[in-house]
file data22.pdb (PDB, C-alpha atoms)
ATOM      1  CA  HIS X  25      89.837  94.269 146.983
ATOM      2  CA  ASP X  26      87.038  95.206 144.569
ATOM      3  CA  ASP X  27      88.137  95.953 140.989
ATOM      4  CA  GLU X  28      91.630  94.619 141.662
ATOM      5  CA  LEU X  29      93.283  91.855 139.681
ATOM      6  CA  LYS X  30      96.605  90.435 140.798
ATOM      7  CA  TYR X  31      98.620  87.275 140.284
ATOM      8  CA  HIS X  32      97.034  84.775 142.659
ATOM      9  CA  GLY X  33     100.212  82.936 143.709
ATOM     10  CA  LYS X  34     100.100  79.702 145.662
ATOM     11  CA  ASP X  35      98.214  81.030 148.678
ATOM     12  CA  ASN X  36      95.501  83.088 147.006
ATOM     13  CA  ARG X  37      93.635  80.631 144.812
ATOM     14  CA  GLY X  38      89.981  81.275 144.113
ATOM     15  CA  VAL X  39      87.339  81.977 141.515
ATOM     16  CA  ALA X  40      86.065  85.258 140.140
ATOM     17  CA  SER X  41      82.998  85.556 137.950
ATOM     18  CA  ILE X  42      82.963  88.545 135.563
ATOM     19  CA  ASN X  43      80.067  89.317 133.224
ATOM     20  CA  PHE X  44      81.409  91.625 130.502
ATOM     21  CA  HIS X  45      77.947  91.897 128.960
ATOM     22  CA  ASP X  46      76.295  93.103 132.157
ATOM     23  CA  GLU X  47      74.754  96.541 131.746
ATOM     24  CA  ILE X  48      73.901  99.147 134.307
ATOM     25  CA  LYS X  49      70.165  99.640 133.980
ATOM     26  CA  LEU X  50      68.645 102.992 134.818
ATOM     27  CA  SER X  51      65.598 102.817 136.982
ATOM     28  CA  ILE X  52      62.504 104.757 135.974
ATOM     29  CA  ASN X  53      63.429 107.378 138.566
ATOM     30  CA  ASP X  54      66.929 107.786 137.065
ATOM     31  CA  GLN X  55      65.541 108.172 133.538
ATOM     32  CA  SER X  56      63.010 110.787 134.600
ATOM     33  CA  GLN X  57      65.835 112.880 136.035
ATOM     34  CA  LEU X  58      67.216 113.411 132.517
ATOM     35  CA  GLY X  59      64.667 116.220 132.102
ATOM     36  CA  PHE X  60      64.200 115.745 128.347
ATOM     37  CA  CYS X  61      62.806 113.301 125.781
ATOM     38  CA  GLY X  62      65.942 111.468 124.737
ATOM     39  CA  GLY X  63      68.831 109.575 126.189
ATOM     40  CA  GLU X  64      72.550 109.395 126.670
ATOM     41  CA  TRP X  65      75.307 106.816 126.585
ATOM     42  CA  LYS X  66      78.706 107.300 128.125
ATOM     43  CA  TYR X  67      81.935 105.415 128.566
ATOM     44  CA  PRO X  68      82.902 104.384 131.096
ATOM     45  CA  ARG X  69      79.338 104.057 132.329
ATOM     46  CA  SER X  70      80.123 105.428 135.762
ATOM     47  CA  CYS X  71      81.642 108.677 134.428
ATOM     48  CA  THR X  72      80.100 112.092 135.018
ATOM     49  CA  SER X  73      80.760 114.265 131.936
ATOM     50  CA  ALA X  74      83.106 114.570 128.971
ATOM     51  CA  GLN X  75      84.769 117.585 130.533
ATOM     52  CA  GLU X  76      85.535 115.638 133.698
ATOM     53  CA  ASP X  77      86.078 111.916 133.214
ATOM     54  CA  CYS X  78      84.188 110.410 130.250
ATOM     55  CA  GLN X  79      86.165 109.097 127.286
ATOM     56  CA  TYR X  80      83.027 109.235 125.113
ATOM     57  CA  MET X  81      79.567 110.634 125.645
ATOM     58  CA  ALA X  82      76.588 110.705 123.287
ATOM     59  CA  ARG X  83      73.401 112.574 124.120
ATOM     60  CA  TRP X  84      70.281 112.810 121.995
ATOM     61  CA  GLU X  85      67.060 114.703 122.413
ATOM     62  CA  TYR X  86      63.850 114.674 120.413
ATOM     63  CA  ASN X  87      62.270 118.033 119.623
ATOM     64  CA  GLU X  88      58.587 117.404 118.883
ATOM     65  CA  ASN X  89      58.076 120.975 117.610
ATOM     66  CA  THR X  90      60.539 120.453 114.728
ATOM     67  CA  ASP X  91      60.330 116.620 114.533
ATOM     68  CA  ARG X  92      64.134 116.597 114.693
ATOM     69  CA  MET X  93      66.665 114.689 116.760
ATOM     70  CA  ASN X  94      69.431 116.807 118.311
ATOM     71  CA  PHE X  95      72.749 115.080 119.041
ATOM     72  CA  THR X  96      75.849 116.064 120.990
ATOM     73  CA  ILE X  97      78.866 113.766 120.874
ATOM     74  CA  SER X  98      81.996 114.327 122.987
ATOM     75  CA  SER X  99      85.249 112.353 122.922
ATOM     76  CA  ARG X 100      88.379 112.714 124.999
ATOM     77  CA  ASN X 101      91.440 111.960 122.896
ATOM     78  CA  THR X 102      94.255 113.863 124.591
ATOM     79  CA  ASP X 103      96.870 111.225 123.784
ATOM     80  CA  LYS X 104      96.165 111.074 120.042
ATOM     81  CA  LYS X 105      96.113 113.719 117.328
ATOM     82  CA  ASN X 106      93.748 113.979 114.399
ATOM     83  CA  ARG X 107      90.925 111.810 115.753
ATOM     84  CA  TRP X 108      87.329 111.811 114.555
ATOM     85  CA  THR X 109      84.284 111.026 116.650
ATOM     86  CA  GLY X 110      80.716 110.243 115.752
ATOM     87  CA  ILE X 111      77.693 108.026 116.116
ATOM     88  CA  GLY X 112      75.993 105.397 113.987
ATOM     89  CA  PHE X 113      72.394 104.252 113.539
ATOM     90  CA  SER X 114      71.272 100.914 112.170
ATOM     91  CA  ASP X 115      68.270  98.638 112.003
ATOM     92  CA  ASN X 116      70.535  95.594 112.488
ATOM     93  CA  SER X 117      73.162  94.647 115.041
ATOM     94  CA  GLN X 118      76.042  94.560 112.561
ATOM     95  CA  MET X 119      77.970  97.373 110.969
ATOM     96  CA  ARG X 120      76.588  96.797 107.488
ATOM     97  CA  GLN X 121      73.936  99.240 106.293
ATOM     98  CA  THR X 122      74.744 101.786 108.993
ATOM     99  CA  ASP X 123      73.979 105.483 108.855
ATOM    100  CA  ALA X 124      76.959 107.294 110.400
ATOM    101  CA  ILE X 125      77.614 110.885 111.363
ATOM    102  CA  ILE X 126      81.346 111.513 111.668
ATOM    103  CA  GLY X 127      83.125 114.713 112.571
ATOM    104  CA  TRP X 128      86.240 116.293 113.990
ATOM    105  CA  VAL X 129      87.605 119.653 115.002
ATOM    106  CA  GLU X 130      90.999 120.817 113.799
ATOM    107  CA  PRO X 131      93.366 122.610 116.188
ATOM    108  CA  ASN X 132      92.507 125.931 114.481
ATOM    109  CA  GLY X 133      88.822 125.452 115.475
ATOM    110  CA  ARG X 134      87.511 124.544 112.016
ATOM    111  CA  TYR X 135      85.115 121.611 112.233
ATOM    112  CA  PHE X 136      83.833 119.061 109.737
ATOM    113  CA  ILE X 137      80.690 116.975 110.252
ATOM    114  CA  MET X 138      79.515 114.582 107.552
ATOM    115  CA  ASP X 139      76.505 112.329 106.923
ATOM    116  CA  MET X 140      77.955 108.997 105.778
ATOM    117  CA  TRP X 141      76.892 105.433 104.982
ATOM    118  CA  THR X 142      78.617 102.085 105.569
ATOM    119  CA  THR X 143      77.903  99.011 103.494
ATOM    120  CA  ASN X 144      80.179  96.700 105.460
ATOM    121  CA  TYR X 145      83.215  96.805 107.729
ATOM    122  CA  LEU X 146      84.869  99.310 105.378
ATOM    123  CA  ASN X 147      85.426 103.053 105.411
ATOM    124  CA  PRO X 148      82.099 104.882 105.241
ATOM    125  CA  VAL X 149      81.262 106.843 102.106
ATOM    126  CA  LEU X 150      79.933 110.379 101.979
ATOM    127  CA  GLU X 151      76.214 110.441 101.213
ATOM    128  CA  ASN X 152      74.950 112.551  98.316
ATOM    129  CA  SER X 153      72.253 113.993 100.564
ATOM    130  CA  GLN X 154      73.656 115.642 103.697
ATOM    131  CA  ASP X 155      70.620 115.541 106.009
ATOM    132  CA  ILE X 156      72.191 117.187 109.064
ATOM    133  CA  PHE X 157      71.633 120.753 110.241
ATOM    134  CA  ASP X 158      72.551 123.161 113.035
ATOM    135  CA  MET X 159      76.091 121.808 113.130
ATOM    136  CA  SER X 160      78.802 122.993 115.490
ATOM    137  CA  GLY X 161      82.089 121.706 116.790
ATOM    138  CA  LYS X 162      84.696 122.651 119.357
ATOM    139  CA  LEU X 163      87.967 121.337 120.711
ATOM    140  CA  GLU X 164      88.499 122.344 124.312
ATOM    141  CA  ASN X 165      90.867 120.916 126.947
ATOM    142  CA  GLY X 166      91.411 117.748 124.916
ATOM    143  CA  VAL X 167      87.685 117.113 124.407
ATOM    144  CA  THR X 168      86.222 117.138 120.891
ATOM    145  CA  THR X 169      82.503 117.981 120.857
ATOM    146  CA  ILE X 170      80.292 117.929 117.777
ATOM    147  CA  SER X 171      76.596 118.794 117.705
ATOM    148  CA  PHE X 172      74.033 118.457 114.944
ATOM    149  CA  SER X 173      70.328 117.970 114.246
ATOM    150  CA  ARG X 174      68.609 115.730 111.757
ATOM    151  CA  PRO X 175      64.980 114.988 110.929
ATOM    152  CA  ARG X 176      63.583 111.915 112.621
ATOM    153  CA  ASP X 177      62.849 110.538 109.143
ATOM    154  CA  THR X 178      64.832 112.179 106.349
ATOM    155  CA  GLY X 179      63.242 110.179 103.535
ATOM    156  CA  ASP X 180      66.780 109.342 102.336
ATOM    157  CA  SER X 181      67.281 105.605 101.643
ATOM    158  CA  GLN X 182      70.776 105.830 103.178
ATOM    159  CA  ASP X 183      69.510 107.330 106.436
ATOM    160  CA  VAL X 184      68.064 105.210 109.214
ATOM    161  CA  GLY X 185      64.792 106.781 110.351
ATOM    162  CA  PHE X 186      63.578 106.930 113.929
ATOM    163  CA  THR X 187      59.984 105.806 114.401
ATOM    164  CA  ASP X 188      57.600 105.405 117.313
ATOM    165  CA  THR X 189      57.288 101.663 116.715
ATOM    166  CA  GLU X 190      60.731 100.326 115.735
ATOM    167  CA  GLY X 191      63.860 100.107 117.848
ATOM    168  CA  ARG X 192      67.220 101.123 116.399
ATOM    169  CA  TYR X 193      70.749 100.063 117.137
ATOM    170  CA  MET X 194      73.239 102.791 117.918
ATOM    171  CA  ILE X 195      76.967 102.506 117.336
ATOM    172  CA  PHE X 196      79.259 104.407 119.676
ATOM    173  CA  PRO X 197      82.848 104.651 118.352
ATOM    174  CA  VAL X 198      84.522 105.345 121.702
ATOM    175  CA  LYS X 199      88.036 105.778 120.293
ATOM    176  CA  GLY X 200      87.075 107.182 116.896
ATOM    177  CA  GLY X 201      89.804 106.999 114.296
ATOM    178  CA  ARG X 202      92.419 108.960 112.418
ATOM    179  CA  TYR X 203      91.414 111.422 109.727
ATOM    180  CA  ASN X 204      93.278 113.099 106.924
ATOM    181  CA  GLY X 205      92.600 116.844 107.089
ATOM    182  CA  VAL X 206      93.554 117.318 103.417
ATOM    183  CA  ASN X 207      91.236 114.858 101.670
ATOM    184  CA  LYS X 208      88.732 114.416 104.555
TER
END

call {"tool": "encode", "arguments": {"input": "data22.pdb", "output": "structure tokens"}}
result
Amino acid sequence: HDDELKYHGKDNRGVASINFHDEIKLSINDQSQLGFCGGEWKYPRSCTSAQEDCQYMARWEYNENTDRMNFTISSRNTDKKNRWTGIGFSDNSQMRQTDAIIGWVEPNGRYFIMDMWTTNYLNPVLENSQDIFDMSGKLENGVTTISFSRPRDTGDSQDVGFTDTEGRYMIFPVKGGRYNGVNK
């Protein structure tokens, strides 16, 4: 059957070809149905929404009136406590020199969202200039959702700017990580 993997035994020998790098491409018609200037990425790709069946969902929208990017990140982590979520932006395909926005919501409803910077595959450090605005966070039915806005180009050397001419890499930490609520 499709999407089924079993021990093949002596009678069921065969070959299966799996492309783990294959992506589902949206057609132009699918993209136009988004109804806004932006995009979204979700995991698994066939899921509907974070409230229903997505483990992670990132949505971004450009507001040309304010020249800001608005982001909403949702993660489902019902089996783990004290998990952060976030998104990263980079001009290279590695984790070095990555602008990261990380946040979480505590069980009491208090949220923390921070503008951070990674220099390598190490813990990110808090940036001196926090260039994020209109922040909010909620924890509802096992889904952590953080929202924030940031200028397309903050002018901060530790922030990756969004331009009309250069593509950017985005990092989607599907599982997030543990946080320490005391020392952040």

call {"tool": "atom_distance", "arguments": {"input": "data22.pdb", "atom1": "CA of Phe172 (chain X)", "atom2": "CA of Ser160 (chain X)"}}
result
6.6 Å

call {"tool": "resolve_selection", "arguments": {"input": "data22.pdb", "expression": "the PyMOL selection byres ((chain X and resi 112) around 8)", "output": "PyMOL selection string"}}
result
chain X and resi 110-111+113-114+122-125+194-196

call {"tool": "resolve_selection", "arguments": {"input": "data22.pdb", "expression": "the PyMOL selection byres ((chain X and resi 182) around 10)", "output": "mmCIF file with C-alpha atoms, in the coordinates of the input"}}
result
data_model
loop_
_atom_site.group_PDB
_atom_site.id
_atom_site.type_symbol
_atom_site.label_atom_id
_atom_site.label_comp_id
_atom_site.auth_asym_id
_atom_site.auth_seq_id
_atom_site.Cartn_x
_atom_site.Cartn_y
_atom_site.Cartn_z
ATOM 1 C CA GLN X 121 73.936 99.240 106.293
ATOM 2 C CA THR X 122 74.744 101.786 108.993
ATOM 3 C CA ASP X 123 73.979 105.483 108.855
ATOM 4 C CA ALA X 124 76.959 107.294 110.400
ATOM 5 C CA ASP X 139 76.505 112.329 106.923
ATOM 6 C CA MET X 140 77.955 108.997 105.778
ATOM 7 C CA TRP X 141 76.892 105.433 104.982
ATOM 8 C CA THR X 142 78.617 102.085 105.569
ATOM 9 C CA THR X 143 77.903 99.011 103.494
ATOM 10 C CA GLU X 151 76.214 110.441 101.213
ATOM 11 C CA ASN X 152 74.950 112.551 98.316
ATOM 12 C CA SER X 153 72.253 113.993 100.564
ATOM 13 C CA THR X 178 64.832 112.179 106.349
ATOM 14 C CA GLY X 179 63.242 110.179 103.535
ATOM 15 C CA ASP X 180 66.780 109.342 102.336
ATOM 16 C CA SER X 181 67.281 105.605 101.643
ATOM 17 C CA ASP X 183 69.510 107.330 106.436
ATOM 18 C CA VAL X 184 68.064 105.210 109.214
ATOM 19 C CA GLY X 185 64.792 106.781 110.351
#

call {"tool": "axis_aligned_box", "arguments": {"input": "data22.pdb", "around": "region 129-143 of chain X", "padding_each_side": "8 Å", "output": "AutoDock Vina command-line options"}}
result
--center_x 84.9 --center_y 112.5 --center_z 109.8 --size_x 32.9 --size_y 42.9 --size_z 28.7

call {"tool": "atom_distance", "arguments": {"input": "data22.pdb", "atom1": "CA of Ile137 (chain X)", "atom2": "CA of Thr189 (chain X)"}}
result
28.7 Å

call {"tool": "atom_distance", "arguments": {"input": "data22.pdb", "atom1": "CA of Asn94 (chain X)", "atom2": "CA of Arg174 (chain X)"}}
result
6.7 Å
